[in-house]
>>> print(open('run_6.csv').read())   # CSV, C-alpha atoms
chain,number,residue,atom,x,y,z
I,925,MET,CA,8.2,3.7,-32.0
I,926,GLN,CA,9.6,7.0,-30.9
I,927,ILE,CA,11.4,7.0,-27.5
I,928,ASP,CA,11.2,10.0,-25.3
I,929,TRP,CA,14.5,9.7,-23.4
I,930,ASN,CA,13.4,12.1,-20.7
I,931,ILE,CA,10.5,9.9,-19.8
I,932,SER,CA,12.6,6.8,-20.0
I,933,LEU,CA,15.1,8.3,-17.7
I,934,LEU,CA,12.4,9.4,-15.3
I,935,LEU,CA,10.7,5.9,-15.2
I,936,ILE,CA,14.0,4.2,-14.5
I,937,GLY,CA,14.7,6.7,-11.8
I,938,MET,CA,11.3,6.1,-10.3
I,939,ALA,CA,11.9,2.4,-10.3
I,940,PHE,CA,15.2,3.1,-8.3
I,941,VAL,CA,13.2,5.3,-5.9
I,942,THR,CA,10.8,2.4,-5.3
I,943,ALA,CA,13.6,0.0,-4.6
I,944,TRP,CA,15.5,2.5,-2.5
I,945,SER,CA,12.6,3.7,-0.4
I,946,ARG,CA,11.3,0.2,0.2
I,947,SER,CA,14.7,-1.2,1.2
I,948,PHE,CA,15.9,2.0,2.9
I,949,PHE,CA,16.9,0.4,6.2
I,950,LEU,CA,17.0,-3.1,4.8
I,951,ILE,CA,19.9,-2.2,2.6
I,952,LEU,CA,22.1,-1.5,5.6
I,953,GLY,CA,22.0,-5.2,6.4
I,954,GLU,CA,23.6,-6.4,9.6
I,955,ARG,CA,25.4,-3.2,10.2
I,956,VAL,CA,22.4,-1.9,12.0
I,957,LYS,CA,20.3,-3.6,14.7
I,958,VAL,CA,16.7,-2.4,15.0
I,959,SER,CA,15.9,-2.4,18.6
I,960,GLY,CA,12.8,-4.0,20.1
I,961,TRP,CA,11.0,-0.8,21.1
I,962,VAL,CA,11.2,0.5,17.5
I,963,LEU,CA,9.5,-2.6,16.2
I,964,GLU,CA,7.0,-2.4,19.0
I,965,ALA,CA,6.3,1.3,18.1
I,966,ILE,CA,5.8,0.7,14.4
I,967,ARG,CA,3.4,-2.2,14.7
I,968,PHE,CA,0.4,0.0,13.8
I,969,ALA,CA,2.3,1.7,10.9
I,970,PRO,CA,0.9,-0.4,8.0
I,971,LEU,CA,-2.7,-0.1,9.4
I,972,ALA,CA,-2.2,3.7,9.8
I,973,ALA,CA,-0.7,4.1,6.3
I,974,MET,CA,-3.7,2.4,4.7
I,975,VAL,CA,-6.2,4.4,6.7
I,976,ALA,CA,-4.3,7.5,5.8
I,977,ILE,CA,-4.5,6.6,2.1
I,978,LEU,CA,-8.2,5.7,2.4
I,979,ALA,CA,-9.7,8.5,4.6
I,980,PRO,CA,-9.2,11.4,2.2
I,981,GLU,CA,-10.7,9.4,-0.6
I,982,ILE,CA,-13.9,9.0,1.5
I,983,PHE,CA,-14.1,12.4,3.2
I,984,LEU,CA,-12.8,14.8,0.6
I,985,PRO,CA,-13.8,15.4,-3.0
I,986,ALA,CA,-11.7,13.8,-5.8
I,987,ASN,CA,-9.5,16.8,-6.7
I,988,ALA,CA,-9.4,18.4,-3.2
I,989,THR,CA,-6.4,20.3,-2.2
I,990,SER,CA,-7.2,20.8,1.5
I,991,VAL,CA,-9.6,19.9,4.3
I,992,THR,CA,-11.6,23.1,3.8
I,993,GLN,CA,-13.3,21.3,0.9
I,994,PHE,CA,-15.0,19.0,3.3
I,995,ASP,CA,-18.7,18.9,2.3
I,996,LEU,CA,-21.5,16.7,3.7
I,997,LYS,CA,-23.1,16.7,0.2
I,998,LEU,CA,-20.2,14.5,-0.9
I,999,PRO,CA,-21.5,11.1,-2.1
I,1000,ASN,CA,-18.2,9.4,-1.0
I,1001,ILE,CA,-19.1,10.0,2.7
I,1002,TRP,CA,-22.5,8.5,2.5
I,1003,GLY,CA,-21.3,5.6,0.3
I,1004,GLY,CA,-18.4,5.1,2.7
I,1005,LEU,CA,-20.8,4.9,5.7
I,1006,ALA,CA,-23.0,2.5,3.8
I,1007,ALA,CA,-19.9,0.4,3.1
I,1008,ILE,CA,-18.8,0.3,6.8
I,1009,ILE,CA,-22.3,-0.7,7.9
I,1010,SER,CA,-22.9,-3.3,5.2
I,1011,PHE,CA,-19.5,-4.8,5.7
I,1012,TYR,CA,-19.9,-4.9,9.5
I,1013,LEU,CA,-23.2,-6.7,9.1
I,1014,THR,CA,-22.4,-9.1,6.2
I,1015,ARG,CA,-18.6,-9.4,6.1
I,1016,LYS,CA,-19.0,-9.9,2.3
I,1017,MET,CA,-16.9,-7.9,-0.1
I,1018,ILE,CA,-19.4,-8.1,-3.0
I,1019,VAL,CA,-22.4,-7.1,-0.9
I,1020,THR,CA,-20.4,-4.2,0.5
I,1021,LEU,CA,-19.3,-3.0,-3.0
I,1022,VAL,CA,-22.9,-3.3,-4.4
I,1023,VAL,CA,-24.6,-1.5,-1.5
I,1024,SER,CA,-22.0,1.3,-1.2
I,1025,MET,CA,-21.9,1.9,-5.0
I,1026,ALA,CA,-25.7,2.1,-5.0
I,1027,VAL,CA,-25.7,4.6,-2.2
I,1028,PHE,CA,-22.8,6.5,-3.8
I,1029,THR,CA,-24.6,6.7,-7.1
I,1030,ALA,CA,-28.0,7.6,-5.6
I,1031,VAL,CA,-26.6,10.5,-3.5
I,1032,ARG,CA,-24.6,11.7,-6.5
I,1033,PHE,CA,-27.7,12.0,-8.7
I,1034,TRP,CA,-29.7,13.5,-5.8
I,1035,PHE,CA,-27.4,16.4,-5.2
I,1036,LEU,CA,-26.2,17.2,-8.7
S,297,MET,CA,12.8,-25.1,-3.6
S,298,ASN,CA,12.0,-28.2,-1.6
S,299,SER,CA,8.4,-29.3,-1.0
S,300,ARG,CA,8.0,-27.5,2.3
S,301,GLN,CA,9.3,-24.3,0.8
S,302,GLN,CA,6.9,-24.7,-2.1
S,303,LYS,CA,4.0,-25.2,0.3
S,304,TYR,CA,4.9,-21.9,2.1
S,305,PHE,CA,5.2,-20.1,-1.2
S,306,VAL,CA,1.8,-21.3,-2.4
S,307,ASP,CA,0.3,-20.5,1.0
S,308,GLY,CA,1.6,-17.0,0.7
S,309,PHE,CA,0.3,-16.7,-2.8
S,310,LYS,CA,-3.2,-17.8,-1.6
S,311,GLU,CA,-3.1,-15.4,1.4
S,312,MET,CA,-2.5,-12.4,-0.9
S,313,SER,CA,-4.9,-13.6,-3.5
S,314,ARG,CA,-7.7,-13.3,-1.0
S,315,SER,CA,-7.3,-9.6,-1.3
S,316,GLY,CA,-7.2,-9.9,-5.1
S,317,VAL,CA,-10.3,-7.8,-5.8
S,318,THR,CA,-8.8,-4.9,-3.9
S,319,ILE,CA,-5.4,-5.1,-5.5
S,320,PHE,CA,-6.9,-5.5,-9.0
S,321,THR,CA,-9.2,-2.5,-8.5
S,322,TRP,CA,-6.4,-0.2,-7.3
S,323,GLY,CA,-4.3,-1.4,-10.2
S,324,PHE,CA,-7.1,-0.8,-12.6
S,325,VAL,CA,-7.8,2.8,-11.3
S,326,THR,CA,-4.1,3.6,-11.5
S,327,GLY,CA,-3.9,2.1,-15.0
S,328,ILE,CA,-6.8,4.4,-16.1
S,329,ALA,CA,-5.2,7.4,-14.6
S,330,MET,CA,-1.9,6.7,-16.5
S,331,ALA,CA,-3.8,6.1,-19.8
S,332,LYS,CA,-5.7,9.4,-19.4
S,333,SER,CA,-2.5,11.4,-18.5
S,334,SER,CA,0.1,12.8,-20.9
S,335,LEU,CA,1.9,9.4,-21.2
S,336,THR,CA,1.8,7.4,-24.3
S,337,LEU,CA,0.6,3.8,-24.3
S,338,HIS,CA,4.1,2.4,-24.2
S,339,GLN,CA,5.2,4.9,-21.5
S,340,ALA,CA,2.2,4.0,-19.4
S,341,LEU,CA,3.0,0.2,-19.7
S,342,ALA,CA,6.6,0.8,-18.9
S,343,MET,CA,5.7,2.9,-15.8
S,344,SER,CA,3.4,0.2,-14.6
S,345,LEU,CA,6.0,-2.6,-15.0
S,346,LEU,CA,9.1,-0.6,-13.8
S,347,VAL,CA,7.8,1.6,-11.0
S,348,PHE,CA,5.4,-0.7,-9.2
S,349,ALA,CA,4.3,1.9,-6.7
S,350,GLY,CA,0.7,3.1,-7.2
S,351,SER,CA,0.8,6.2,-5.0
S,352,SER,CA,4.0,7.5,-6.4
S,353,GLN,CA,2.9,6.9,-10.0
S,354,LEU,CA,-0.4,8.8,-9.3
S,355,ALA,CA,1.6,11.7,-7.7
S,356,ALA,CA,4.0,11.8,-10.6
S,357,LEU,CA,1.4,12.0,-13.4
S,358,PRO,CA,0.4,15.7,-13.0
S,359,LEU,CA,4.0,16.7,-12.5
S,360,ILE,CA,5.0,15.0,-15.8
S,361,ALA,CA,2.1,16.7,-17.6
S,362,ALA,CA,3.3,20.0,-16.2
S,363,GLY,CA,6.8,19.3,-17.6
S,364,LEU,CA,8.6,19.6,-14.3
S,365,PRO,CA,12.3,18.6,-14.1
S,366,ILE,CA,13.1,15.0,-13.5
S,367,TRP,CA,14.8,15.6,-10.2
S,368,VAL,CA,11.7,17.3,-8.8
S,369,ILE,CA,9.5,14.3,-9.8
S,370,LEU,CA,12.0,11.8,-8.3
S,371,ILE,CA,12.1,13.7,-5.0
S,372,THR,CA,8.3,13.8,-5.0
S,373,SER,CA,8.2,10.0,-5.6
S,374,PHE,CA,10.5,9.4,-2.7
S,375,MET,CA,8.5,11.6,-0.3
S,376,VAL,CA,5.3,9.9,-1.3
S,377,ASN,CA,7.0,6.6,-0.6
S,378,LEU,CA,8.2,7.6,2.9
S,379,ARG,CA,5.8,5.1,4.6
S,380,PHE,CA,7.9,2.3,3.0
S,381,VAL,CA,11.0,3.7,4.7
S,382,ILE,CA,9.2,3.1,8.0
S,383,PHE,CA,8.2,-0.4,6.9
S,384,SER,CA,11.8,-1.1,5.9
S,385,LEU,CA,12.8,-0.9,9.5
S,386,GLY,CA,10.5,-3.9,10.2
S,387,LEU,CA,11.9,-5.8,7.2
S,388,GLN,CA,15.4,-5.0,8.3
S,389,ALA,CA,14.8,-6.7,11.7
S,390,HIS,CA,13.6,-9.9,9.8
S,391,PHE,CA,15.9,-10.1,6.8
S,392,SER,CA,19.2,-8.3,7.5
S,393,TYR,CA,21.0,-11.7,7.0
S,394,LEU,CA,20.3,-11.9,3.3
S,395,SER,CA,22.8,-10.9,0.6
S,396,THR,CA,22.7,-7.2,-0.5
S,397,TRP,CA,21.0,-7.9,-3.8
S,398,ARG,CA,18.4,-10.2,-2.3
S,399,ARG,CA,17.7,-7.5,0.3
S,400,ILE,CA,17.2,-4.9,-2.4
S,401,PHE,CA,14.9,-7.1,-4.5
S,402,LEU,CA,13.0,-8.1,-1.4
S,403,GLY,CA,12.5,-4.4,-0.5
S,404,TYR,CA,11.4,-3.5,-4.1
S,405,PHE,CA,8.7,-6.1,-4.1
S,406,THR,CA,7.4,-5.5,-0.6
S,407,ALA,CA,4.5,-3.2,-1.1
S,408,ASP,CA,1.8,-2.2,1.5
S,409,PHE,CA,-0.1,-5.4,1.6
S,410,SER,CA,2.9,-7.8,1.6
S,411,TYR,CA,4.4,-5.9,4.6
S,412,LEU,CA,1.1,-5.7,6.4
S,413,PHE,CA,0.2,-9.4,6.1
S,414,TYR,CA,3.8,-10.5,6.8
S,415,ILE,CA,4.2,-8.5,10.0
S,416,ARG,CA,0.7,-9.6,11.1
S,417,ARG,CA,1.7,-13.3,10.8
S,418,TYR,CA,5.3,-12.9,12.1
S,419,PRO,CA,5.4,-9.9,14.5
S,420,LYS,CA,8.7,-11.0,15.9
S,421,PRO,CA,12.0,-11.6,14.0
S,422,GLU,CA,13.6,-15.0,14.5
S,423,SER,CA,16.2,-15.2,17.2
S,424,LEU,CA,19.7,-16.2,16.2
S,425,GLU,CA,19.2,-19.8,17.3
S,426,GLU,CA,15.9,-20.1,15.5
S,427,ARG,CA,17.4,-18.8,12.3
S,428,HIS,CA,20.4,-21.2,12.5
S,429,SER,CA,18.0,-24.2,12.9
S,430,ASP,CA,15.7,-22.9,10.1
S,431,ASN,CA,17.8,-23.3,7.0
S,432,GLU,CA,14.7,-23.6,4.8
S,433,GLN,CA,13.8,-19.9,5.2
S,434,LEU,CA,10.1,-20.7,5.3
S,435,ARG,CA,9.1,-17.2,6.3
S,436,LEU,CA,10.9,-15.8,3.3
S,437,CYS,CA,9.2,-18.3,1.0
S,438,TRP,CA,5.8,-17.3,2.4
S,439,LEU,CA,6.6,-13.6,1.8
S,440,MET,CA,7.8,-14.3,-1.7
S,441,GLY,CA,4.6,-16.1,-2.5
S,442,MET,CA,2.6,-13.1,-1.4
S,443,GLN,CA,4.8,-10.7,-3.3
S,444,PHE,CA,4.4,-12.7,-6.5
S,445,SER,CA,0.6,-12.7,-6.2
S,446,ASN,CA,0.6,-9.0,-5.3
S,447,TRP,CA,2.8,-8.1,-8.3
S,448,ALA,CA,0.8,-10.2,-10.8
S,449,LEU,CA,-2.6,-9.0,-9.6
S,450,TRP,CA,-1.4,-5.4,-9.6
S,451,GLN,CA,0.1,-5.6,-13.1
S,452,VAL,CA,-3.0,-7.4,-14.6
S,453,GLY,CA,-5.2,-4.7,-13.1
S,454,SER,CA,-3.0,-1.9,-14.2
S,455,ILE,CA,-2.5,-3.1,-17.7
S,456,ALA,CA,-6.2,-3.8,-18.1
S,457,GLY,CA,-6.9,-0.2,-16.9
S,458,ILE,CA,-4.4,1.2,-19.4
S,459,MET,CA,-6.0,-0.8,-22.3
S,460,LEU,CA,-9.6,-0.2,-21.3
S,461,ALA,CA,-9.4,3.4,-20.1
S,462,SER,CA,-11.0,4.9,-23.2
S,463,GLN,CA,-14.1,2.6,-22.7
S,464,ILE,CA,-14.6,3.5,-19.1
S,465,PRO,CA,-16.6,6.7,-18.5
S,466,ASN,CA,-15.6,8.9,-15.5
S,467,SER,CA,-19.2,8.7,-14.2
S,468,TRP,CA,-18.7,5.2,-13.0
S,469,GLY,CA,-17.0,6.3,-9.9
S,470,LEU,CA,-14.3,3.6,-10.1
S,471,GLU,CA,-12.0,5.5,-7.6
S,472,PHE,CA,-14.7,5.2,-5.1
S,473,ALA,CA,-14.9,1.4,-5.7
S,474,GLY,CA,-11.2,1.3,-5.1
S,475,ALA,CA,-11.6,3.0,-1.8
S,476,ILE,CA,-14.4,0.6,-0.7
S,477,ALA,CA,-12.2,-2.3,-1.7
S,478,LEU,CA,-9.5,-1.0,0.6
S,479,LEU,CA,-12.0,-0.4,3.4
S,480,VAL,CA,-12.8,-4.1,3.3
S,481,ILE,CA,-9.2,-4.9,4.1
S,482,ILE,CA,-8.9,-2.4,6.9
S,483,VAL,CA,-12.1,-3.1,8.9
S,484,PRO,CA,-11.1,-6.7,10.0
S,485,MET,CA,-7.9,-5.2,11.4
S,486,LEU,CA,-9.8,-3.1,13.9
S,487,ASP,CA,-10.3,-6.0,16.3
S,488,ARG,CA,-8.8,-4.3,19.3
S,489,ALA,CA,-9.4,-0.9,21.0
S,490,ALA,CA,-5.9,0.2,20.4
S,491,ALA,CA,-6.1,-0.5,16.7
S,492,ARG,CA,-9.4,1.4,16.5
S,493,TRP,CA,-7.9,4.4,18.2
S,494,ALA,CA,-4.9,4.3,16.0
S,495,ALA,CA,-7.1,4.1,12.9
S,496,VAL,CA,-9.4,7.0,14.0
S,497,THR,CA,-6.3,9.1,14.7
S,498,ALA,CA,-4.8,8.3,11.3
S,499,ALA,CA,-8.0,9.1,9.5
S,500,VAL,CA,-8.5,12.5,11.3
S,501,VAL,CA,-4.9,13.5,10.9
S,502,ALA,CA,-4.7,12.4,7.2
S,503,VAL,CA,-7.8,14.4,6.3
S,504,GLY,CA,-6.9,17.4,8.5
S,505,THR,CA,-3.4,17.7,7.0
S,506,TYR,CA,-4.4,16.8,3.4
S,507,GLY,CA,-3.3,20.2,2.1
S,508,LEU,CA,0.4,19.4,2.8
S,509,PRO,CA,2.6,18.7,-0.2
S,510,PHE,CA,4.3,15.3,-1.0
S,511,ARG,CA,1.4,13.4,0.6
S,512,LEU,CA,3.1,14.2,3.9
S,513,ASN,CA,-0.3,13.8,5.5
S,514,ILE,CA,0.3,10.0,5.4
S,515,ILE,CA,3.5,10.4,7.5
S,516,PHE,CA,1.8,12.7,10.0
S,517,ALA,CA,-1.1,10.3,10.3
S,518,ILE,CA,1.3,7.3,10.9
S,519,VAL,CA,3.3,9.1,13.5
S,520,ALA,CA,0.1,10.3,15.3
S,521,ALA,CA,-1.4,6.8,15.1
S,522,LEU,CA,1.7,5.2,16.5
S,523,VAL,CA,1.7,7.5,19.5
S,524,VAL,CA,-2.0,6.9,20.1
S,525,GLY,CA,-1.7,3.2,19.5
S,526,MET,CA,1.1,2.9,22.1
S,527,MET,CA,-0.9,4.9,24.7
S,528,THR,CA,-4.1,2.9,24.3
S,529,ASP,CA,-2.6,-0.6,23.9
S,530,LYS,CA,-3.0,-2.6,27.1
S,531,SER,CA,-2.5,-6.0,25.5
S,532,PRO,CA,0.6,-8.1,26.0
S,533,LYS,CA,3.5,-6.9,24.0
S,534,GLY,CA,4.2,-8.4,20.6
S,535,ASN,CA,0.7,-8.6,19.3
S,536,THR,CA,0.3,-7.0,15.9
S,537,PRO,CA,-3.0,-6.2,14.2
>>> encode(input="run_6.csv", output="structure tokens")
Amino acid sequence: MQIDWNISLLLIGMAFVTAWSRSFFLILGERVKVSGWVLEAIRFAPLAAMVAILAPEIFLPANATSVTQFDLKLPNIWGGLAAIISFYLTRKMIVTLVVSMAVFTAVRFWFL
Amino acid sequence: MNSRQQKYFVDGFKEMSRSGVTIFTWGFVTGIAMAKSSLTLHQALAMSLLVFAGSSQLAALPLIAAGLPIWVILITSFMVNLRFVIFSLGLQAHFSYLSTWRRIFLGYFTADFSYLFYIRRYPKPESLEERHSDNEQLRLCWLMGMQFSNWALWQVGSIAGIMLASQIPNSWGLEFAGAIALLVIIVPMLDRAAARWAAVTAAVVAVGTYGLPFRLNIIFAIVAALVVGMMTDKSPKGNTP
């Protein structure tokens, strides 16, 4: 097996970046005291982060670089809407996946 | 671990495993992306096991293929991970009493879902008196159970994706399945008006600023959602979605 040292170094560096970013303030330990209003303010942060990761996947094409590529012909949008409706009605993961994938695939073959 | 601690660990494991399909799907999609990139099989496996951060892995792949210098890729990784810096504020309030190494390990293993579920169950840190009487650290056991489940499900999905990538045609639209799997986690959190406003704001801002580098659209979306969330939240303080 040939080892590419550049890649090895990069991957170890990225592992450190994961640890450093996720424990950024935690590393400081008891030297800092996070005040109540900060905790109060960031309580929607995890929800917002997940929505922010998800929304472009639904509303923009796969390799989009900006919002100008928004297009109603995009199958993701219709599949996403179908997913929201079917999950709202059934609360079942599998039903939601099947329905939304069906709509996604149908719209894709329709417009292509 | 004593039996109560074990029970909390197992409970945490089960809590996270309920989102197993979602974690597996995202791992799988990330694994496929790594296998189809310029990385070799061993490099892709090493990346999955070492880096354990899907969004920063996905952001790094095209940069590696383009042959950019290591420091550029590392800075990009950090920028893509900025949301975890915000989450680490919350972790700090809960776990600042642990030893340095345990804090670093705890941070490394606390990905999106672990933080989300933990802070939903325990919105408030323990007071000093509570912590002195709680020498079993049950909250920590619960979080570690979730982390273990999250890590294992992610790695299984990711490694399966790496191994099976050549068998999976692009036309299946697996990325879309991953998005729907995430949607299913998000929708139940929208149980209050403030959460819905925050989510709509985050969605609009994240799409509108998608052209920004380093996935900074996520950070802009979080900041905007926090402001809107605070303005629209009329419920008693301390409730977390």
>>> interface_residues(input="run_6.csv", of="chain S", to="chain I", cutoff="7 Å", atoms="all atoms listed in the file", output="number ranges by chain")
S: 343, 346-347, 349, 366, 370, 373-374, 377-381, 384-389, 392-393, 396, 399-400, 403-404, 406, 408, 412, 472-473, 475-476, 480, 494-495, 498-499, 502-504, 506-507, 514, 517-518, 521-522, 525-526, 534, 536
>>> closest_residue(input="run_6.csv", among="S:Phe516, S:Phe309, S:Phe383, S:Phe510", to="Tyr411 of chain S", atoms="all atoms listed in the file")
S:Phe383
>>> atom_distance(input="run_6.csv", atom1="atom CA of Gly316 of chain S", atom2="atom CA of Ile382 of chain S")
24.7 Å
>>> residues_around(input="run_6.csv", residues="Gly327 of chain S", least_positions_apart="6", cutoff="8 Å", atoms="only C-alpha atoms", output="PyMOL selection string")
chain S and resi 340+344+453-458+461
>>> atom_distance(input="run_6.csv", atom1="atom CA of Lys420 of chain S", atom2="atom CA of Leu439 of chain S")
14.5 Å
>>> atom_distance(input="run_6.csv", atom1="atom CA of Ile328 of chain S", atom2="atom CA of Val376 of chain S")
19.9 Å
>>> closest_residue(input="run_6.csv", among="S:Gly469, S:Ser445, S:Val317, S:Ser333", to="Ala1030 of chain I", atoms="all atoms listed in the file")
S:Gly469
>>> residues_around(input="run_6.csv", residues="Pro358 of chain S", least_positions_apart="6", cutoff="10 Å", atoms="only C-alpha atoms", output="short mmCIF file (atom, residue, chain, number, x, y, z; two decimals) with C-alpha atoms, keeping the file's coordinate frame")
data_model
loop_
_atom_site.label_atom_id
_atom_site.label_comp_id
_atom_site.auth_asym_id
_atom_site.auth_seq_id
_atom_site.Cartn_x
_atom_site.Cartn_y
_atom_site.Cartn_z
CA MET S 330 -1.90 6.70 -16.50
CA SER S 333 -2.50 11.40 -18.50
CA SER S 334 0.10 12.80 -20.90
CA LEU S 364 8.60 19.60 -14.30
CA ILE S 369 9.50 14.30 -9.80
#
>>> closest_residue(input="run_6.csv", among="S:Lys310, S:His428, S:Arg398, S:Lys332", to="Gln463 of chain S", atoms="all atoms listed in the file")
S:Lys332
>>> residues_around(input="run_6.csv", residues="Thr528 of chain S", least_positions_apart="4", cutoff="9 Å", atoms="all atoms listed in the file", output="ChimeraX atom specification")
/S:489-491,493-494,523-524
>>> build_atoms(input="run_6.csv", residues="segment 976-984 of chain I", atoms="all heavy atoms", output="compact mmCIF listing (two decimals), in the frame of the given file")
# COMPACT_ATOMS: atom_id res chain seq x y z
N ALA I 976 -4.68 6.19 6.26
CA ALA I 976 -4.30 7.50 5.80
C ALA I 976 -4.49 7.69 4.29
O ALA I 976 -4.78 8.77 3.80
CB ALA I 976 -2.88 7.87 6.21
N ILE I 977 -4.30 6.60 3.56
CA ILE I 977 -4.50 6.60 2.10
C ILE I 977 -6.04 6.67 1.84
O ILE I 977 -6.52 7.39 0.97
CB ILE I 977 -3.87 5.43 1.42
CG1 ILE I 977 -2.35 5.58 1.49
CG2 ILE I 977 -4.34 5.30 -0.02
CD1 ILE I 977 -1.59 4.35 1.06
N LEU I 978 -6.78 5.89 2.63
CA LEU I 978 -8.20 5.70 2.40
C LEU I 978 -9.04 6.95 2.81
O LEU I 978 -9.92 7.40 2.06
CB LEU I 978 -8.72 4.50 3.12
CG LEU I 978 -10.23 4.27 3.08
CD1 LEU I 978 -10.68 3.92 1.68
CD2 LEU I 978 -10.63 3.17 4.05
N ALA I 979 -8.78 7.47 4.02
CA ALA I 979 -9.70 8.50 4.60
C ALA I 979 -9.94 9.68 3.71
O ALA I 979 -11.10 10.08 3.53
CB ALA I 979 -9.16 8.90 5.98
N PRO I 980 -8.89 10.28 3.11
CA PRO I 980 -9.20 11.40 2.20
C PRO I 980 -10.04 11.05 1.02
O PRO I 980 -10.80 11.88 0.51
CB PRO I 980 -7.79 11.91 1.80
CG PRO I 980 -6.87 11.38 2.83
CD PRO I 980 -7.45 10.06 3.26
N GLU I 981 -9.92 9.81 0.55
CA GLU I 981 -10.70 9.40 -0.60
C GLU I 981 -12.21 9.35 -0.22
O GLU I 981 -13.08 9.53 -1.07
CB GLU I 981 -10.34 7.95 -1.02
CG GLU I 981 -8.89 7.80 -1.38
CD GLU I 981 -8.68 7.82 -2.89
OE1 GLU I 981 -9.60 7.42 -3.60
OE2 GLU I 981 -7.60 8.24 -3.31
N ILE I 982 -12.50 9.09 1.05
CA ILE I 982 -13.90 9.00 1.50
C ILE I 982 -14.41 10.41 1.89
O ILE I 982 -15.53 10.77 1.56
CB ILE I 982 -14.01 8.07 2.72
CG1 ILE I 982 -13.54 6.67 2.36
CG2 ILE I 982 -15.43 8.07 3.28
CD1 ILE I 982 -14.57 5.78 1.74
N PHE I 983 -13.58 11.18 2.60
CA PHE I 983 -14.10 12.40 3.20
C PHE I 983 -13.85 13.68 2.43
O PHE I 983 -14.36 14.73 2.78
CB PHE I 983 -13.49 12.57 4.63
CG PHE I 983 -13.99 11.55 5.60
CD1 PHE I 983 -13.17 10.51 6.02
CD2 PHE I 983 -15.30 11.58 6.05
CE1 PHE I 983 -13.64 9.54 6.90
CE2 PHE I 983 -15.78 10.62 6.92
CZ PHE I 983 -14.95 9.60 7.34
N LEU I 984 -13.03 13.60 1.37
CA LEU I 984 -12.80 14.80 0.60
C LEU I 984 -13.10 14.54 -0.88
O LEU I 984 -13.01 13.42 -1.35
CB LEU I 984 -11.30 15.22 0.73
CG LEU I 984 -10.86 15.66 2.13
CD1 LEU I 984 -9.37 15.94 2.16
CD2 LEU I 984 -11.62 16.89 2.59
